[in-house]
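First comes the structure, then the notes that go with it.
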Amino acid sequence: MTKVLLPDSIPAEGEQILTDAGLEIIHGTGRSAKQMMQEGAQAAAVLIGTQIFDAPIMDAMPNLKVIARNGVGYDAVDMPAATARGIKVVNTPFALNDSVAETAVTELLAISKNIFWNTKSIYDGQWNYKKAHPGNDVMGKTIGILGFGRIGHAVAQKLAGFNVKIIAHDPFAQAIENVTMVSREELFANADYVLVHLPAMDSTKHSIGMAEFKAMKSTAYLINMARGIIIVETDLVQALQEHEIAGAALDVFEEEPLPLNNPLLTLNNVLLTPHIASNTVETKRQMAIDAANDIVSILNGEDAISVVNK
Ligand code: DGY
């Protein structure tokens, strides 16, 4: 029987598609990494989260034909190694746009209204924290979307009712109604909120650092739901400490899980969440369905919905 390795559990609907197609599932949950690799060594497909999937792992799985990413970013997969071995890499870009965009808008509002620190003040018995730390209204502000792909579009659509001006920068994207495309410099200089929705790749790695923070308004917020590696995190910490910018809402970090000695954890002008942007019941279900369907298609020699290497 053809085997599929699931290092992490996925919603039942995804598993059902795999078993209905006659595939044998090898579950990783509850097994040691060594056991999992031994039992999964013969797998023809693997469905992964954000874990690193490099050439040595691929070489330990000689029958592997497809790596399915339960999500959109495939920066943790060694793409040249997969392509060189004839392994197809698929992802689920259509399942999560709205979920990630909802989280971006949630975090934009939460950092503006200082929700986390005000909530904490109740637990700390400091009800009057709010007097020294008023929030900001979003209405009338300029929202800058850096990277105007599917998720960037969904963010613009969700913010349309907020009475804001929306600007975006993306050399590969067209303007849409109510969104003005601007240069990168204009975006950093004019936005009251800079939302990062770029893919992680060599050209975007560490592309936002002190120069960009100095170019931003000192009242502006940075919101990153994409990948931590896009930002020079030490520069961001310094910019937040020195009030070059007003605050940051971050769902992603250079190192995940965020180490407890990371200086971001000492700042009170941040909102930090543990990479949850697409982590909803509905979106996880749809990602599992899309990934499982693509695994079955590829193993059957049929066209898949989203192959990211040709
Ligand atoms: C993605 O899909 O890449 C999200 O960041 C969750 O992994």
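A note on labels: chains of the structure tokens are A, B, ... as shown, every chain counts residues from 1, and ligands are counted from 1 in their shown order.
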* Compile the contact shell of segment 278-295 of chain A as a ChimeraX atom specification: residues with an atom at most 8 Å away, counting only C-alpha atoms, same-chain residues fewer than 6 positions apart removed. => /A:10-11,13-15,17-18,45,47,66,68-71,90-92,95-96,99-100,103,304-306
* Neighbour list for segment 153-163 of chain A as an MDAnalysis selection string, cut-off 9 Å, only C-alpha atoms, skip fewer than 5 positions in-chain -> chainID A and resid 97:98 100:102 104:105 138:141 143 145 148 176 178:179
Save the residues we just selected, C-alpha atoms, as a tab-separated table (two decimals), in the first residue's frame?
```
chain	number	residue	atom	x	y	z
A	97	ASN	CA	-6.28	34.18	2.83
A	98	ASP	CA	-9.30	35.27	4.81
A	100	VAL	CA	-4.69	35.42	7.87
A	101	ALA	CA	-6.30	38.72	6.79
A	102	GLU	CA	-8.76	38.53	9.71
A	104	ALA	CA	-3.94	40.93	10.59
A	105	VAL	CA	-6.96	43.21	11.06
A	138	VAL	CA	-7.87	53.63	13.02
A	139	MET	CA	-10.48	55.75	11.24
A	140	GLY	CA	-8.91	58.40	9.00
A	141	LYS	CA	-5.49	56.74	9.02
A	143	ILE	CA	-2.89	51.69	5.94
A	145	ILE	CA	0.18	46.95	2.68
A	148	PHE	CA	-0.20	42.87	-2.40
A	176	ILE	CA	-7.61	47.71	-7.35
A	178	ASN	CA	-9.87	51.98	-3.23
A	179	VAL	CA	-6.18	50.98	-3.08
```
* **Secondary structure check, helix (DSSP H, G or I) residues of segment 103-270 of chain A, as a PyMOL selection string** => chain A and resi 103-112+115-123+129-132+150-162+184-190+210-215+228-230+233-241+263-266
Could you take the residues named above and write them with C-alpha atoms, as a PDB file, in the first residue's frame?
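This went into out.pdb:
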```
ATOM      1  CA  THR A 103      -5.845  38.005  12.119  1.00  0.00           C
ATOM      2  CA  ALA A 104      -3.940  40.933  10.593  1.00  0.00           C
ATOM      3  CA  VAL A 105      -6.955  43.214  11.062  1.00  0.00           C
ATOM      4  CA  THR A 106      -7.523  41.844  14.574  1.00  0.00           C
ATOM      5  CA  GLU A 107      -3.929  42.578  15.568  1.00  0.00           C
ATOM      6  CA  LEU A 108      -4.029  46.017  13.920  1.00  0.00           C
ATOM      7  CA  LEU A 109      -7.061  46.915  16.016  1.00  0.00           C
ATOM      8  CA  ALA A 110      -5.705  45.248  19.157  1.00  0.00           C
ATOM      9  CA  ILE A 111      -2.363  47.072  19.072  1.00  0.00           C
ATOM     10  CA  SER A 112      -4.135  50.363  18.305  1.00  0.00           C
ATOM     11  CA  ILE A 115      -5.899  45.560  24.222  1.00  0.00           C
ATOM     12  CA  PHE A 116      -3.304  43.142  25.604  1.00  0.00           C
ATOM     13  CA  TRP A 117      -1.746  45.582  28.080  1.00  0.00           C
ATOM     14  CA  ASN A 118      -5.086  46.941  29.209  1.00  0.00           C
ATOM     15  CA  THR A 119      -6.376  43.400  29.747  1.00  0.00           C
ATOM     16  CA  LYS A 120      -3.243  42.547  31.699  1.00  0.00           C
ATOM     17  CA  SER A 121      -3.704  45.685  33.810  1.00  0.00           C
ATOM     18  CA  ILE A 122      -6.968  44.254  35.161  1.00  0.00           C
ATOM     19  CA  TYR A 123      -5.215  41.049  36.227  1.00  0.00           C
ATOM     20  CA  TYR A 129      -3.236  51.840  33.269  1.00  0.00           C
ATOM     21  CA  LYS A 130      -5.471  53.213  30.482  1.00  0.00           C
ATOM     22  CA  LYS A 131      -4.989  56.820  31.624  1.00  0.00           C
ATOM     23  CA  ALA A 132      -1.268  56.816  30.853  1.00  0.00           C
ATOM     24  CA  ARG A 150      -4.021  37.243  -2.161  1.00  0.00           C
ATOM     25  CA  ILE A 151      -3.649  37.952   1.556  1.00  0.00           C
ATOM     26  CA  GLY A 152      -2.871  41.651   0.990  1.00  0.00           C
ATOM     27  CA  HIS A 153      -6.011  41.917  -1.156  1.00  0.00           C
ATOM     28  CA  ALA A 154      -8.101  40.221   1.534  1.00  0.00           C
ATOM     29  CA  VAL A 155      -6.770  42.680   4.141  1.00  0.00           C
ATOM     30  CA  ALA A 156      -7.699  45.657   1.927  1.00  0.00           C
ATOM     31  CA  GLN A 157     -11.161  44.224   1.387  1.00  0.00           C
ATOM     32  CA  LYS A 158     -11.750  43.716   5.120  1.00  0.00           C
ATOM     33  CA  LEU A 159     -10.541  47.220   5.990  1.00  0.00           C
ATOM     34  CA  ALA A 160     -12.724  48.853   3.327  1.00  0.00           C
ATOM     35  CA  GLY A 161     -15.408  49.755   5.858  1.00  0.00           C
ATOM     36  CA  PHE A 162     -13.044  51.420   8.312  1.00  0.00           C
ATOM     37  CA  ARG A 184       8.215  51.342  -1.205  1.00  0.00           C
ATOM     38  CA  GLU A 185       9.615  54.650   0.093  1.00  0.00           C
ATOM     39  CA  GLU A 186       6.196  56.333  -0.052  1.00  0.00           C
ATOM     40  CA  LEU A 187       4.641  53.433   1.795  1.00  0.00           C
ATOM     41  CA  PHE A 188       7.059  53.556   4.730  1.00  0.00           C
ATOM     42  CA  ALA A 189       6.908  57.372   4.896  1.00  0.00           C
ATOM     43  CA  ASN A 190       3.133  57.732   4.764  1.00  0.00           C
ATOM     44  CA  MET A 210      16.495  50.344  10.899  1.00  0.00           C
ATOM     45  CA  ALA A 211      16.449  52.402   7.655  1.00  0.00           C
ATOM     46  CA  GLU A 212      12.786  51.501   7.190  1.00  0.00           C
ATOM     47  CA  PHE A 213      11.917  52.105  10.863  1.00  0.00           C
ATOM     48  CA  LYS A 214      13.569  55.528  10.728  1.00  0.00           C
ATOM     49  CA  ALA A 215      11.617  56.286   7.546  1.00  0.00           C
ATOM     50  CA  GLY A 228       9.979  36.787  11.041  1.00  0.00           C
ATOM     51  CA  ILE A 229      13.023  36.528   8.798  1.00  0.00           C
ATOM     52  CA  ILE A 230      11.767  39.427   6.624  1.00  0.00           C
ATOM     53  CA  GLU A 233      14.521  41.704  14.643  1.00  0.00           C
ATOM     54  CA  THR A 234      17.362  43.358  16.594  1.00  0.00           C
ATOM     55  CA  ASP A 235      16.691  46.595  14.666  1.00  0.00           C
ATOM     56  CA  LEU A 236      13.003  46.287  15.420  1.00  0.00           C
ATOM     57  CA  VAL A 237      13.682  45.895  19.144  1.00  0.00           C
ATOM     58  CA  GLN A 238      15.909  48.983  19.062  1.00  0.00           C
ATOM     59  CA  ALA A 239      13.345  50.976  17.062  1.00  0.00           C
ATOM     60  CA  LEU A 240      10.649  50.047  19.590  1.00  0.00           C
ATOM     61  CA  GLN A 241      12.892  50.854  22.567  1.00  0.00           C
ATOM     62  CA  PRO A 263      14.046  41.217  24.250  1.00  0.00           C
ATOM     63  CA  LEU A 264      10.693  41.668  22.500  1.00  0.00           C
ATOM     64  CA  LEU A 265       9.237  40.147  25.663  1.00  0.00           C
ATOM     65  CA  THR A 266      10.507  43.085  27.716  1.00  0.00           C
TER      66      THR A 266
END
```
* Among the residues of segment 36-221 of chain A, find those DSSP assigns to strand (DSSP E or B) from the backbone and print them as an NGL selection string. => :A and (45-48 or 53 or 66-69 or 77 or 88-90 or 142-146 or 165-169 or 179-181 or 193-196 or 208 or 221)
* Go through A:Val72, A:Val194, A:Met216, A:Ile298 one by one, measure the shortest atom-to-atom distance of each to Ala277 of chain A using only C-alpha atoms, and give the residue with the smallest value. =>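 Among the listed residues, A:Val72 lies closest to Ala277 of chain A.
Reported to one decimal place, the separation of atom CA of Thr273 of chain A from atom CA of Asn128 of chain A is 24.7 Å.
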* To do: Between atom CA of His169 of chain A and atom CA of Val232 of chain A, measure the distance and give it in Å to one decimal.
  =>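 Here the two named atoms are 19.5 Å from each other.
Coordinates place atom CA of Pro56 of chain A at a distance of 10.8 Å from atom CA of Ala82 of chain A.
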* Rank nothing, just name the residue among A:Leu222, A:Leu64, A:Ala191, A:Ile52 nearest to ligand 1, using only C-alpha atoms and all ligand atoms. =>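 Of A:Leu222, A:Leu64, A:Ala191, A:Ile52, the one nearest ligand 1, counting only C-alpha atoms and all ligand atoms, is A:Ile52.
Closest approach to Asn268 of chain A among A:Ile231, A:Lys88, A:Ala249, A:Val182 is made by A:Ala249 (distances from only C-alpha atoms).
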* **Using only C-alpha atoms and all ligand atoms: which of A:Val46, A:Ala175, A:Met61, A:Ala76 has the shortest distance to ligand 1** =>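 Checking each candidate against ligand 1, we get A:Ala76 as the closest.
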* Asked: Closest to ligand 1 among A:Ile208, A:Ile48, A:Ala55, A:Ala43, using only C-alpha atoms and all ligand atoms?
  -> A:Ile48
